[in-house]
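Student: Pasting structure-v4.pdb below, which is PDB, C-alpha atoms.
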```pdb
ATOM      1  CA  ARG N   1     -27.670 -29.867  22.717
ATOM      2  CA  ALA N   2     -25.533 -32.506  20.968
ATOM      3  CA  TYR N   3     -26.688 -31.175  17.585
ATOM      4  CA  ALA N   4     -25.832 -27.604  18.602
ATOM      5  CA  ILE N   5     -22.355 -28.662  19.744
ATOM      6  CA  GLU N   6     -21.743 -30.540  16.492
ATOM      7  CA  ALA N   7     -22.971 -27.598  14.402
ATOM      8  CA  GLU N   8     -20.661 -25.232  16.306
ATOM      9  CA  SER N   9     -17.714 -27.580  15.796
ATOM     10  CA  MET N  10     -18.383 -27.780  12.058
ATOM     11  CA  ALA N  11     -18.597 -23.992  11.834
ATOM     12  CA  GLU N  12     -15.259 -23.674  13.636
ATOM     13  CA  THR N  13     -13.668 -26.194  11.268
ATOM     14  CA  ARG N  14     -14.956 -24.314   8.216
ATOM     15  CA  GLU N  15     -13.599 -21.054   9.612
ATOM     16  CA  ARG N  16     -10.190 -22.594  10.330
ATOM     17  CA  ASN N  17     -10.091 -23.969   6.793
ATOM     18  CA  ARG N  18     -11.090 -20.591   5.381
ATOM     19  CA  LEU N  19      -8.361 -18.808   7.312
ATOM     20  CA  ALA N  20      -5.817 -21.446   6.324
ATOM     21  CA  ARG N  21      -6.686 -20.982   2.643
ATOM     22  CA  GLU N  22      -6.644 -17.204   2.802
ATOM     23  CA  ILE N  23      -3.394 -16.887   4.740
ATOM     24  CA  HIS N  24      -1.655 -19.578   2.690
ATOM     25  CA  ASP N  25      -2.607 -17.935  -0.594
ATOM     26  CA  THR N  26      -1.785 -14.414   0.525
ATOM     27  CA  LEU N  27       1.473 -15.078   2.362
ATOM     28  CA  GLY N  28       2.645 -17.759  -0.046
ATOM     29  CA  HIS N  29       2.237 -15.451  -3.019
ATOM     30  CA  ALA N  30       3.879 -12.474  -1.310
ATOM     31  CA  LEU N  31       6.801 -14.453   0.116
ATOM     32  CA  THR N  32       7.531 -16.139  -3.202
ATOM     33  CA  GLY N  33       7.771 -12.722  -4.854
ATOM     34  CA  ILE N  34       9.949 -11.404  -2.044
ATOM     35  CA  ALA N  35      12.322 -14.395  -2.162
ATOM     36  CA  ALA N  36      12.735 -14.143  -5.941
ATOM     37  CA  GLY N  37      13.283 -10.395  -5.679
ATOM     38  CA  LEU N  38      15.980 -10.849  -3.044
ATOM     39  CA  ASP N  39      17.752 -13.340  -5.291
ATOM     40  CA  ALA N  40      17.869 -10.679  -7.990
ATOM     41  CA  ILE N  41      19.122  -8.052  -5.542
ATOM     42  CA  SER N  42      22.014 -10.275  -4.444
ATOM     43  CA  ILE N  43      23.220 -10.176  -8.053
ATOM     44  CA  LEU N  44      22.508  -6.487  -8.642
ATOM     45  CA  MET N  45      24.093  -5.164  -5.434
ATOM     46  CA  ASP N  46      27.618  -4.966  -6.879
ATOM     47  CA  ILE N  47      26.961  -4.451 -10.594
ATOM     48  CA  ALA N  48      23.921  -2.140 -10.523
ATOM     49  CA  PRO N  49      23.254  -0.669  -7.053
ATOM     50  CA  ASP N  50      20.595   1.753  -8.349
ATOM     51  CA  LYS N  51      18.585  -1.123  -9.795
ATOM     52  CA  ALA N  52      19.011  -3.014  -6.531
ATOM     53  CA  LYS N  53      17.524  -0.063  -4.627
ATOM     54  CA  ALA N  54      14.582   0.094  -7.035
ATOM     55  CA  GLN N  55      14.009  -3.640  -6.557
ATOM     56  CA  LEU N  56      14.026  -3.201  -2.777
ATOM     57  CA  ALA N  57      11.292  -0.564  -3.081
ATOM     58  CA  LYS N  58       9.148  -2.993  -5.069
ATOM     59  CA  ILE N  59       9.707  -5.745  -2.508
ATOM     60  CA  LYS N  60       8.703  -3.410   0.311
ATOM     61  CA  GLU N  61       5.457  -2.589  -1.529
ATOM     62  CA  ILE N  62       4.667  -6.283  -2.039
ATOM     63  CA  SER N  63       5.326  -7.097   1.629
ATOM     64  CA  LEU N  64       3.064  -4.270   2.831
ATOM     65  CA  ARG N  65       0.294  -5.350   0.450
ATOM     66  CA  GLY N  66       0.609  -8.946   1.672
ATOM     67  CA  LEU N  67       0.341  -7.794   5.288
ATOM     68  CA  LYS N  68      -2.777  -5.779   4.475
ATOM     69  CA  ASP N  69      -4.337  -8.793   2.737
ATOM     70  CA  VAL N  70      -3.671 -11.028   5.753
ATOM     71  CA  ARG N  71      -5.406  -8.529   8.007
ATOM     72  CA  ARG N  72      -8.389  -8.387   5.650
ATOM     73  CA  SER N  73      -8.519 -12.182   5.477
ATOM     74  CA  VAL N  74      -8.682 -12.440   9.241
ATOM     75  CA  LYS N  75     -11.546  -9.941   9.211
ATOM     76  CA  LYS N  76     -13.363 -11.992   6.516
ATOM     77  CA  LEU N  77     -12.841  -9.298   3.915
ATOM     78  CA  ARG N  78     -11.846  -9.714   0.273
ATOM     79  CA  PRO N  79      -8.338  -9.224  -1.129
ATOM     80  CA  ASP N  80      -7.421  -5.561  -0.923
ATOM     81  CA  ASP N  81      -7.209  -5.084  -4.697
ATOM     82  CA  LEU N  82     -10.719  -6.484  -5.214
ATOM     83  CA  GLU N  83     -12.009  -3.951  -2.708
ATOM     84  CA  GLN N  84     -10.577  -1.101  -4.782
ATOM     85  CA  MET N  85     -10.896  -2.139  -8.437
ATOM     86  CA  PRO N  86     -12.702  -4.507 -10.845
ATOM     87  CA  LEU N  87     -11.480  -8.108 -11.059
ATOM     88  CA  ARG N  88      -9.744  -7.695 -14.418
ATOM     89  CA  GLU N  89      -7.742  -4.679 -13.235
ATOM     90  CA  ALA N  90      -6.890  -6.431  -9.963
ATOM     91  CA  ILE N  91      -5.542  -9.449 -11.859
ATOM     92  CA  LEU N  92      -3.482  -7.254 -14.187
ATOM     93  CA  GLN N  93      -2.005  -5.378 -11.223
ATOM     94  CA  MET N  94      -1.166  -8.656  -9.456
ATOM     95  CA  ILE N  95       0.529  -9.910 -12.634
ATOM     96  CA  ALA N  96       2.542  -6.710 -13.043
ATOM     97  CA  GLU N  97       3.746  -6.766  -9.436
ATOM     98  CA  PHE N  98       4.693 -10.442  -9.560
ATOM     99  CA  THR N  99       6.584  -9.927 -12.818
ATOM    100  CA  ASP N 100       8.457  -6.969 -11.317
ATOM    101  CA  SER N 101       9.520  -8.933  -8.245
ATOM    102  CA  THR N 102      10.279 -12.348  -9.796
ATOM    103  CA  GLY N 103      11.156 -11.623 -13.434
ATOM    104  CA  MET N 104       8.712 -14.298 -14.604
ATOM    105  CA  GLN N 105       6.872 -13.204 -17.755
ATOM    106  CA  ILE N 106       3.088 -13.576 -17.456
ATOM    107  CA  LYS N 107       0.553 -13.083 -20.230
ATOM    108  CA  LEU N 108      -3.207 -12.796 -19.720
ATOM    109  CA  ASN N 109      -5.270 -14.010 -22.686
ATOM    110  CA  VAL N 110      -8.967 -13.130 -22.580
ATOM    111  CA  LEU N 111     -11.168 -15.107 -24.960
ATOM    112  CA  GLN N 112     -14.413 -13.852 -23.446
ATOM    113  CA  TRP N 113     -14.560 -12.051 -20.135
ATOM    114  CA  PRO N 114     -17.236 -13.417 -17.765
ATOM    115  CA  LYS N 115     -20.185 -11.095 -17.217
ATOM    116  CA  LEU N 116     -22.023 -10.309 -13.986
ATOM    117  CA  LEU N 117     -19.718 -12.246 -11.705
ATOM    118  CA  ARG N 118     -20.700 -12.602  -8.069
ATOM    119  CA  SER N 119     -18.164 -11.534  -5.450
ATOM    120  CA  ASP N 120     -17.512 -15.146  -4.378
ATOM    121  CA  GLN N 121     -16.777 -16.091  -8.003
ATOM    122  CA  GLU N 122     -14.396 -13.146  -8.357
ATOM    123  CA  ASP N 123     -12.621 -14.131  -5.139
ATOM    124  CA  VAL N 124     -12.087 -17.717  -6.308
ATOM    125  CA  LEU N 125     -10.845 -16.771  -9.787
ATOM    126  CA  TYR N 126      -8.443 -14.240  -8.267
ATOM    127  CA  ARG N 127      -7.113 -16.738  -5.717
ATOM    128  CA  VAL N 128      -6.676 -19.553  -8.258
ATOM    129  CA  ILE N 129      -4.639 -17.231 -10.484
ATOM    130  CA  GLN N 130      -2.636 -16.035  -7.481
ATOM    131  CA  GLU N 131      -1.829 -19.575  -6.331
ATOM    132  CA  GLY N 132      -1.109 -20.744  -9.887
ATOM    133  CA  MET N 133       1.407 -17.933 -10.371
ATOM    134  CA  THR N 134       3.043 -18.697  -7.036
ATOM    135  CA  ASN N 135       3.371 -22.428  -7.765
ATOM    136  CA  ALA N 136       4.708 -21.828 -11.274
ATOM    137  CA  ARG N 137       7.571 -19.832  -9.812
ATOM    138  CA  ARG N 138       8.171 -21.638  -6.522
ATOM    139  CA  HIS N 139       7.861 -25.255  -7.645
ATOM    140  CA  GLY N 140       8.226 -25.125 -11.434
ATOM    141  CA  HIS N 141      10.929 -22.411 -11.602
ATOM    142  CA  ALA N 142       9.077 -21.211 -14.703
ATOM    143  CA  GLN N 143      10.205 -18.280 -16.796
ATOM    144  CA  ASN N 144       6.891 -17.834 -18.621
ATOM    145  CA  LEU N 145       3.259 -18.320 -17.685
ATOM    146  CA  ASN N 146       0.177 -18.032 -19.904
ATOM    147  CA  ILE N 147      -3.187 -17.376 -18.263
ATOM    148  CA  THR N 148      -6.293 -17.830 -20.398
ATOM    149  CA  ILE N 149      -9.844 -17.065 -19.338
ATOM    150  CA  GLY N 150     -13.076 -17.521 -21.272
ATOM    151  CA  THR N 151     -16.720 -18.540 -21.006
ATOM    152  CA  LYS N 152     -18.875 -20.966 -22.944
ATOM    153  CA  ARG N 153     -22.480 -22.044 -22.327
ATOM    154  CA  GLY N 154     -22.552 -20.707 -18.791
ATOM    155  CA  ILE N 155     -19.191 -22.166 -17.774
ATOM    156  CA  ILE N 156     -16.120 -20.074 -16.899
ATOM    157  CA  TYR N 157     -12.834 -21.629 -17.963
ATOM    158  CA  LEU N 158      -9.501 -20.587 -16.464
ATOM    159  CA  LEU N 159      -6.275 -22.148 -17.746
ATOM    160  CA  LEU N 160      -2.745 -21.537 -16.448
ATOM    161  CA  ALA N 161       0.166 -23.114 -18.327
ATOM    162  CA  ASP N 162       3.858 -22.558 -17.559
ATOM    163  CA  ASP N 163       7.188 -23.610 -19.109
ATOM    164  CA  GLY N 164       8.700 -24.847 -15.868
ATOM    165  CA  CYS N 165      10.303 -28.165 -14.995
ATOM    166  CA  GLY N 166       6.951 -29.933 -14.656
ATOM    167  CA  ILE N 167       6.324 -32.994 -12.507
ATOM    168  CA  ASP N 168       5.323 -36.639 -12.739
ATOM    169  CA  ILE N 169       1.596 -36.375 -12.023
ATOM    170  CA  ASN N 170       1.535 -39.930 -10.647
ATOM    171  CA  LYS N 171       4.027 -38.872  -7.976
ATOM    172  CA  LEU N 172       2.445 -35.495  -7.255
ATOM    173  CA  LYS N 173       1.570 -34.960  -3.612
ATOM    174  CA  LYS N 174      -1.146 -32.391  -3.129
ATOM    175  CA  GLY N 175       0.064 -29.578  -0.922
ATOM    176  CA  PHE N 176      -1.957 -26.797   0.631
ATOM    177  CA  GLY N 177      -2.108 -24.930  -2.676
ATOM    178  CA  LEU N 178      -3.854 -27.552  -4.804
ATOM    179  CA  ARG N 179      -6.114 -28.658  -1.963
ATOM    180  CA  HIS N 180      -7.167 -25.115  -1.228
ATOM    181  CA  MET N 181      -7.914 -24.426  -4.895
ATOM    182  CA  GLN N 182     -10.092 -27.538  -5.029
ATOM    183  CA  GLU N 183     -11.872 -26.549  -1.815
ATOM    184  CA  ARG N 184     -12.568 -23.037  -3.085
ATOM    185  CA  LEU N 185     -13.879 -24.326  -6.414
ATOM    186  CA  ALA N 186     -15.996 -27.026  -4.771
ATOM    187  CA  LEU N 187     -17.870 -24.330  -2.821
ATOM    188  CA  LEU N 188     -19.009 -22.953  -6.208
ATOM    189  CA  HIS N 189     -19.672 -26.433  -7.682
ATOM    190  CA  GLY N 190     -16.528 -25.970  -9.772
ATOM    191  CA  LYS N 191     -13.735 -28.371 -10.636
ATOM    192  CA  LEU N 192      -9.957 -28.395 -10.954
ATOM    193  CA  ARG N 193      -7.772 -30.572 -13.130
ATOM    194  CA  TYR N 194      -4.053 -30.428 -13.864
ATOM    195  CA  TRP N 195      -1.406 -32.108 -15.988
ATOM    196  CA  SER N 196       2.292 -31.838 -16.830
ATOM    197  CA  ASP N 197       3.509 -31.588 -20.427
ATOM    198  CA  ASN N 198       6.538 -29.383 -21.122
ATOM    199  CA  GLY N 199       5.726 -27.593 -17.894
ATOM    200  CA  PHE N 200       2.698 -27.633 -15.632
ATOM    201  CA  ALA N 201      -0.889 -26.688 -16.473
ATOM    202  CA  LEU N 202      -4.046 -26.428 -14.449
ATOM    203  CA  GLU N 203      -7.627 -25.710 -15.468
ATOM    204  CA  ALA N 204     -10.335 -24.356 -13.194
ATOM    205  CA  ILE N 205     -13.966 -24.633 -14.261
ATOM    206  CA  VAL N 206     -16.651 -22.532 -12.565
ATOM    207  CA  PRO N 207     -20.373 -22.551 -13.435
ATOM    208  CA  GLU N 208     -21.867 -19.072 -13.749
ATOM    209  CA  ASN N 209     -25.105 -20.183 -12.054
ATOM    210  CA  GLU N 210     -26.932 -23.204 -10.628
ATOM    211  CA  GLU N 211     -28.381 -24.133 -14.018
ATOM    212  CA  ALA N 212     -24.929 -24.345 -15.586
ATOM    213  CA  ALA N 213     -23.663 -26.401 -12.619
ATOM    214  CA  LYS N 214     -25.945 -29.269 -13.667
ATOM    215  CA  PHE N 215     -23.780 -29.879 -16.738
ATOM    216  CA  LEU N 216     -20.508 -30.339 -14.807
TER     217      LEU N 216
END
```
Could I get this file's structure written as structure tokens?

Tutor:
Amino acid sequence: RAYAIEAESMAETRERNRLAREIHDTLGHALTGIAAGLDAISILMDIAPDKAKAQLAKIKEISLRGLKDVRRSVKKLRPDDLEQMPLREAILQMIAEFTDSTGMQIKLNVLQWPKLLRSDQEDVLYRVIQEGMTNARRHGHAQNLNITIGTKRGIIYLLLADDGCGIDINKLKKGFGLRHMQERLALLHGKLRYWSDNGFALEAIVPENEEAAKFL
């Protein structure tokens, strides 16, 4: 009985952590885009009201998409875009929407696209990119972000580098975002590292299979 109670408690903790990660990533990303978009509207209201209206329409779309993603997260489903399109298209759409709402310029560089990704690998790559974009804007106040993805010898490499204000790594306090990225990657035997040099950069490493995981 004691074992059963402990197992149930651990399952509840894992579920709480999962929900915390999903809701943090989804809402954090959406709200960052909304806040940046509203900043732009406050400037456009008087000088270009038509552009302000167009920006409001984009913000409404982002907020509705974020709400839908939260509902899917609670129901243990994948991000809405990954339900409707391949990972690469979902990432490009997320980039386009975030650029529209925040004005931050984001470039996706593909060295070699990973083949035959499992759904859990797609989810983690999508969420790491989502959180990296959000942090680059919210904390780094970056104007440009480069995202590079490639594979080599069974390992998927994902690098995000921005031109923001950066941070002293020795004084960096891990918030929900970094911790959640590490937790997600750890479930796939992956790793996360980050550094600050003329901005902030983070690298996620994900093995394609169990054999490749032995070399990490």

Student: Taking the file above as input, evaluate the PyMOL selection byres ((chain N and resi 155) around 9) and report the hits as a CSV table (one decimal) with C-alpha atoms, keeping the file's coordinate frame.

Tutor:
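Saved the output as part_22.csv:
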```csv
chain,number,residue,atom,x,y,z
N,114,PRO,CA,-17.2,-13.4,-17.8
N,150,GLY,CA,-13.1,-17.5,-21.3
N,151,THR,CA,-16.7,-18.5,-21.0
N,152,LYS,CA,-18.9,-21.0,-22.9
N,153,ARG,CA,-22.5,-22.0,-22.3
N,154,GLY,CA,-22.6,-20.7,-18.8
N,156,ILE,CA,-16.1,-20.1,-16.9
N,157,TYR,CA,-12.8,-21.6,-18.0
N,205,ILE,CA,-14.0,-24.6,-14.3
N,206,VAL,CA,-16.7,-22.5,-12.6
N,207,PRO,CA,-20.4,-22.6,-13.4
N,208,GLU,CA,-21.9,-19.1,-13.7
N,209,ASN,CA,-25.1,-20.2,-12.1
N,212,ALA,CA,-24.9,-24.3,-15.6
N,213,ALA,CA,-23.7,-26.4,-12.6
N,216,LEU,CA,-20.5,-30.3,-14.8
```

Student: Can you list, as a list in words, the residues that the PyMOL selection byres ((chain N and resi 168) around 12) selects here?

Tutor: Gly140, Cys165, Gly166, Ile167, Ile169, Asn170, Lys171, Leu172, Lys173, Tyr194, Trp195, Ser196, Asp197, Asn198, Gly199 and Phe200 of chain N

Student: Given 5 Å of margin on each side, can you work out the centre and size in Å (one decimal) of an axis-aligned box holding every listed atom of segment 45-54 of chain N, as AutoDock Vina command-line options?

Tutor:
```
--center_x 21.1 --center_y -1.7 --center_z -7.6 --size_x 23.0 --size_y 16.9 --size_z 16.0
```

Student: Expanded to explicit residues, what is the PyMOL selection byres ((chain N and resi 109) around 8) for this file, as a PDB file with C-alpha atoms, keeping the file's coordinate frame?

Tutor:
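Okay, this is what ended up in selection.pdb:
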```pdb
ATOM      1  CA  LYS N 107       0.553 -13.083 -20.230  1.00  0.00           C
ATOM      2  CA  LEU N 108      -3.207 -12.796 -19.720  1.00  0.00           C
ATOM      3  CA  VAL N 110      -8.967 -13.130 -22.580  1.00  0.00           C
ATOM      4  CA  LEU N 111     -11.168 -15.107 -24.960  1.00  0.00           C
ATOM      5  CA  ASN N 146       0.177 -18.032 -19.904  1.00  0.00           C
ATOM      6  CA  ILE N 147      -3.187 -17.376 -18.263  1.00  0.00           C
ATOM      7  CA  THR N 148      -6.293 -17.830 -20.398  1.00  0.00           C
ATOM      8  CA  ILE N 149      -9.844 -17.065 -19.338  1.00  0.00           C
TER       9      ILE N 149
END
```

Student: Report, in Å with one decimal, the straight-line distance from atom CA of Lys58 of chain N to atom CA of Asp162 of chain N.

Tutor: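 For atom CA of Lys58 of chain N relative to atom CA of Asp162 of chain N, the distance reads 23.8 Å.
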
Student: Do you know which residues are at most 10 Å from Glu183 of chain N counting only C-alpha atoms, after dropping those on the same chain fewer than 3 positions away, and could you put them as a PyMOL selection string?

Tutor: chain N and resi 17-18+21+124+177-180+186-192

Student: Taking 6 positions as the minimum chain separation for residues in the same chain, which residues sit within 10 Å of Leu82 of chain N when counting all atoms listed in the file? Answer as a PyMOL selection string.

Tutor: chain N and resi 88-91+119+122-123+126

Student: Have a look at atom CA of Leu160 of chain N and atom CA of Ala136 of chain N and let me know their distance in Å, one decimal.

Tutor: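 We find that atom CA of Leu160 of chain N and atom CA of Ala136 of chain N lie 9.1 Å from each other.
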
Student: Identify which of the residues N:Asn135, N:Leu116, N:Ile34, N:Asp163 lies closest to Ile59 of chain N, counting only C-alpha atoms when measuring atom-to-atom distances.

Tutor: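 Nearest to Ile59 of chain N: N:Ile34.
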
Student: Considering only C-alpha atoms, return as a ChimeraX atom specification whatever protein or nucleic-acid residues lie within 12 Å of Pro79 of chain N, sequence-local ones (same chain, fewer than 4 positions apart) excluded.

Tutor: /N:22-23,25-27,65-75,83-87,90-91,94,119-120,122-127,130

Student: Atom CA of Gly28 of chain N and atom CA of Thr134 of chain N are how many Å apart?

Tutor: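 Computing the Euclidean distance for atom CA of Gly28 of chain N and atom CA of Thr134 of chain N yields 7.1 Å.
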
Student: Using all atoms listed in the file, find the one residue out of N:Asp46, N:Glu97, N:Asp39, N:Glu131 that sits nearest to Ala204 of chain N.

Tutor: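 The answer is N:Glu131, which sits nearest to Ala204 of chain N.
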
Student: If we count only C-alpha atoms, what is near segment 50-56 of chain N at a cut-off of 12 Å, once residues fewer than 6 positions away on the same chain are taken out, given as a ChimeraX atom specification?

Tutor: /N:33-44,62-63,97-103

Student: Go through N:Gln105, N:Gln182, N:Gln93, N:Gln112 one by one, measure the shortest atom-to-atom distance of each to Arg137 of chain N using all atoms listed in the file, and give the residue with the smallest value.

Tutor: N:Gln105
